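Structure first, commentary second.
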Amino acid sequence: YNSTNGRFYHAIMYGKNVMGGYADKLSFEERWQVIHYIRALQATELKKTYTAEANDFNPAFGMPEKQFKQLAANRAGVS
């Protein structure tokens, strides 16, 4: 749960322990889809949200574009 997305990405690219790397098997986009799928499964287990629209599972690791734009708009309105 606490691993960064970069750590997942590195493991997919170069492998980890007995798992070999998948750099030649998955495209850039597919690697990120795998990471997002893992995060969605983790979030579901904790009864949290991790989708393209909202992320209350691990917002420190990134925020969906829609949620980011809404936050930016709210902050702009406050100023």
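Naming works like this for the structure tokens: A, B, ... for the chains as they're shown, residue 1 at the start of each chain, ligands 1 onward in shown order.
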
Using DSSP on the backbone, list every residue of chain A that comes out as strand (DSSP E or B), and give them as JSON, numbers by chain.
{"A": [16, 19, 50, 55]}

Report the closest atom pair, with its distance in Å rounded to one decimal, for each residue of stretch 22-73 of chain A that has an atom no farther than 9 Å from stretch 2-13 of chain A; count only C-alpha atoms, sort by chain and then rising residue number, and write it as a Markdown table.
| residue | atom | partner | partner_atom | distance |
| --- | --- | --- | --- | --- |
| A:Tyr22 | CA | A:Met13 | CA | 5.3 |
| A:Ala23 | CA | A:Met13 | CA | 4.5 |
| A:Asp24 | CA | A:Met13 | CA | 8.3 |
| A:Leu26 | CA | A:Met13 | CA | 8.7 |
| A:Arg31 | CA | A:Tyr9 | CA | 6.9 |
| A:Trp32 | CA | A:Tyr9 | CA | 7.4 |
| A:Val34 | CA | A:Ile12 | CA | 8.9 |
| A:Ile35 | CA | A:Phe8 | CA | 6.6 |
| A:His36 | CA | A:Asn5 | CA | 8.7 |
| A:Arg39 | CA | A:Asn5 | CA | 8.9 |
| A:Asn58 | CA | A:Asn2 | CA | 8.5 |
| A:Phe61 | CA | A:Thr4 | CA | 6.5 |
| A:Gly62 | CA | A:Asn5 | CA | 8.9 |

Write to file, as a short mmCIF file (atom, residue, chain, number, x, y, z; two decimals), in the first residue's frame, the residues of the selection just made, with N, CA and C atoms.
data_model
loop_
_atom_site.label_atom_id
_atom_site.label_comp_id
_atom_site.auth_asym_id
_atom_site.auth_seq_id
_atom_site.Cartn_x
_atom_site.Cartn_y
_atom_site.Cartn_z
N TYR A 22 9.17 -6.83 -17.57
CA TYR A 22 8.17 -6.87 -18.64
C TYR A 22 8.32 -5.70 -19.62
N ALA A 23 9.49 -5.08 -19.65
CA ALA A 23 9.71 -3.93 -20.51
C ALA A 23 9.44 -4.25 -21.99
N ASP A 24 9.80 -5.46 -22.40
CA ASP A 24 9.62 -5.85 -23.80
C ASP A 24 8.24 -6.45 -24.07
N LEU A 26 5.16 -5.24 -22.28
CA LEU A 26 4.09 -4.28 -22.05
C LEU A 26 4.51 -2.90 -22.54
N ARG A 31 1.81 -0.60 -18.92
CA ARG A 31 2.45 -0.63 -17.60
C ARG A 31 1.66 0.21 -16.61
N TRP A 32 1.26 1.41 -17.04
CA TRP A 32 0.48 2.27 -16.15
C TRP A 32 -0.91 1.71 -15.89
N VAL A 34 -1.58 -1.46 -15.58
CA VAL A 34 -1.35 -2.48 -14.55
C VAL A 34 -1.25 -1.83 -13.17
N ILE A 35 -0.49 -0.73 -13.09
CA ILE A 35 -0.33 -0.03 -11.81
C ILE A 35 -1.67 0.47 -11.31
N HIS A 36 -2.45 1.07 -12.18
CA HIS A 36 -3.77 1.59 -11.77
C HIS A 36 -4.71 0.45 -11.37
N ARG A 39 -3.71 -0.57 -7.88
CA ARG A 39 -4.18 0.44 -6.93
C ARG A 39 -5.69 0.33 -6.72
N ASN A 58 -4.89 6.98 -1.97
CA ASN A 58 -3.53 7.45 -1.74
C ASN A 58 -3.27 8.76 -2.51
N PHE A 61 0.15 10.12 -3.77
CA PHE A 61 0.83 9.54 -4.93
C PHE A 61 0.30 10.08 -6.25
N GLY A 62 -0.67 10.95 -6.21
CA GLY A 62 -1.21 11.50 -7.44
C GLY A 62 -2.71 11.64 -7.37
#

Could you please write out, as a ChimeraX atom specification, every residue of chain A that DSSP assigns to helix (DSSP H, G or I)?
/A:5-14,28-45,59-61,65-78

Between A:Asn55, A:Gln67, A:Asn17, A:Asn74, which has the minimum distance to A:Ala40 (counting only C-alpha atoms)?
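Comparing A:Asn55, A:Gln67, A:Asn17, A:Asn74 against A:Ala40, the winner is A:Asn55.
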